[in-house]
Amino acid sequence: MTNESKQPTDKITQKELTYIEKVWHTVAIVALLVVVILIARVAFNVLLMVLAGILISVYFHGLGDLIQRNTKWKRRICMAISIGGSFAILAVLFWIMGTKISNQVAVLSDTLPHTINNAKIKMAETPIGRKILEYLASDNSDALMTTAKSFFNTSFGVLGDIYIILFLAIFFTSNPDLYKDGLIKLVPDSKKPLARQIFDRISYALKGWLKGMMLSMVLVFILLSIGLGIMSIPVALVLALLTGLLKLIPNFGSLAAMIPGVLLALTISTNTAIIVALIYMVTQTIVSNIVTPIIQNKMINLPPALTILAQVLMGTLSGVLGIILAVPLLAIVMILVDELYVKKINETDTPVTP
């Protein structure tokens with residue numbers, strides 16, 4: 001009787017211990033997630049700078065691979081040429097175009113206030129324009145300015161962020177396996193092949209995004225320079241360069257870049273402003289139809305609505321840097337969800353026979 005009575009008691013005790021262990025494991029996991037979320041919230045801008053450094057490093061590696069395929073030189077030499085050559089090309093471009101661009105920027109800064117006043121006068125002639133001016137003249141303009149300033153706030157200032165991002169990119173380029181293997185070591189041995197597969201997919205997607213963005217920026221710059229030059233728009237080179245740079249921000253960047261061009265065209269005539277707006281729209285349409293399919297083939301297919309939501313969310317959290325990096329970050333998240341969740345569900349799903 002004594003042995004029989006002890007066995008059920010031992011089983012109950014083991015069950016209670018197992019249940020208590022599960023509860024403590026759950027509490028520990030939740031606590032760890034809370035800590036990670038709090039740290040990520042505080043250091044979110046730093047994580048975005050790391051992502052920006054990774055993207056530039058991906059560009060350096062892509063250019064280095066291209067050089068190595070064509071020359072058969074050693075890897076380190078090709079990487080050095082990739083980094084040094086990129087900075088040298090930028091320096092030469094700034095030196096060649098710097099004087100002209102600086103003169104056009106000076107002209108733009110002088111003519112823009114006069115252009116805005118002319119636009120206000122023309123807007124005041126229409127009922128809708130008067131309502132917009134009344135809205136901007138009220139306290140709402142202060143709220144808009146505060147929101148705009150918050151978008152351009154960064155962790156260490158613009159120059160400080162660029163400095164940190166470039167140094168991170170150089171470090172990631174010089175020894176990428178050090179950081180990649182370090183992250184893979186944190187994964188259990190049974191999951192290491194999956195981790196390497198995820199890294200490969202993310203690398204492939206980021207390379208595709210970078211190629212598409214660079215191609216679209218160059219095409220936008222060339223087409224707008226030609227179009228605005230034909231229309232004899234002042235500071236056409238600066239407007240084309242600004243539009244090309246703002247192509248980094250999908251959806252919103254093109255719209256924001258069109259505003260100063262149309263305003264300057266209004267100083268010439270209304271018909272000129274309409275033609276300039278058409279030039280912007282045709283350019284964006286051509287680039288979207290040529291480049292967007294390339295980006296989607298190199299990356300996973302991102303739903304447009306989800307892309308806009310990601311941009312709005314990232315812009316609210318981290319300003320302009322968040323908007324720029326919203327698309328590659330969304331692609332990374334969707335790859336992780338696909339590899340860690342969707343594929344697992346598909347593997348465990350069993351077909352139901354009617």
# chains A, B, ... in the order shown; residues from 1 in each chain; ligands from 1
$ residues_around --residues "Leu228 of chain A" --least-positions-apart "6" --cutoff "12 Å" --atoms "only C-alpha atoms" --output "list in words"
Val220, Phe221, Ile222, Pro234, Val235, Ala236, Leu237, Val238, Leu239, Ala240, Leu241, Thr243, Met258, Gly261, Val262, Leu264, Ala265, Thr272, Ala273, Ile275, Val276, Ala277, Leu278, Ile279, Tyr280 and Thr283 of chain A
$ atom_distance --atom1 "atom CA of Val58 of chain A" --atom2 "atom CA of Lys207 of chain A"
6.4 Å
$ closest_residue --among "A:Asn45, A:Asn175, A:Ser254, A:Ser216" --to "Leu325 of chain A" --atoms "only C-alpha atoms"
A:Asn45
$ select_by_dssp --residues "segment 150-280 of chain A" --states "alpha helix (DSSP H)" --output "PyMOL selection string"
chain A and resi 150-151+158-174+176-185+192-230+236-246+252-266+270-280
$ closest_residue --among "A:Leu255, A:Leu215, A:Gly229, A:Ala169" --to "Ser57 of chain A" --atoms "only C-alpha atoms"
A:Ala169
$ atom_distance --atom1 "atom CA of Gly64 of chain A" --atom2 "atom CA of Ser82 of chain A"
5.2 Å
$ closest_residue --among "A:Ser174, A:Pro188, A:Leu317, A:Gly62" --to "Ala43 of chain A" --atoms "only C-alpha atoms"
A:Leu317
$ residues_around --residues "Ala305 of chain A" --least-positions-apart "5" --cutoff "12 Å" --atoms "only C-alpha atoms" --output "list of chain:residue names"
A:Pro250, A:Asn251, A:Ala310, A:Gln311, A:Val312, A:Val327, A:Leu330
$ atom_distance --atom1 "atom CA of Gly253 of chain A" --atom2 "atom CA of Val287 of chain A"
13.7 Å
$ residues_around --residues "Asp200 of chain A" --least-positions-apart "6" --cutoff "12 Å" --atoms "only C-alpha atoms" --output "list in words"
Val58, Lys180, Pro193, Leu194, Leu206, Lys207, Ile332, Ile335, Leu336 and Glu339 of chain A
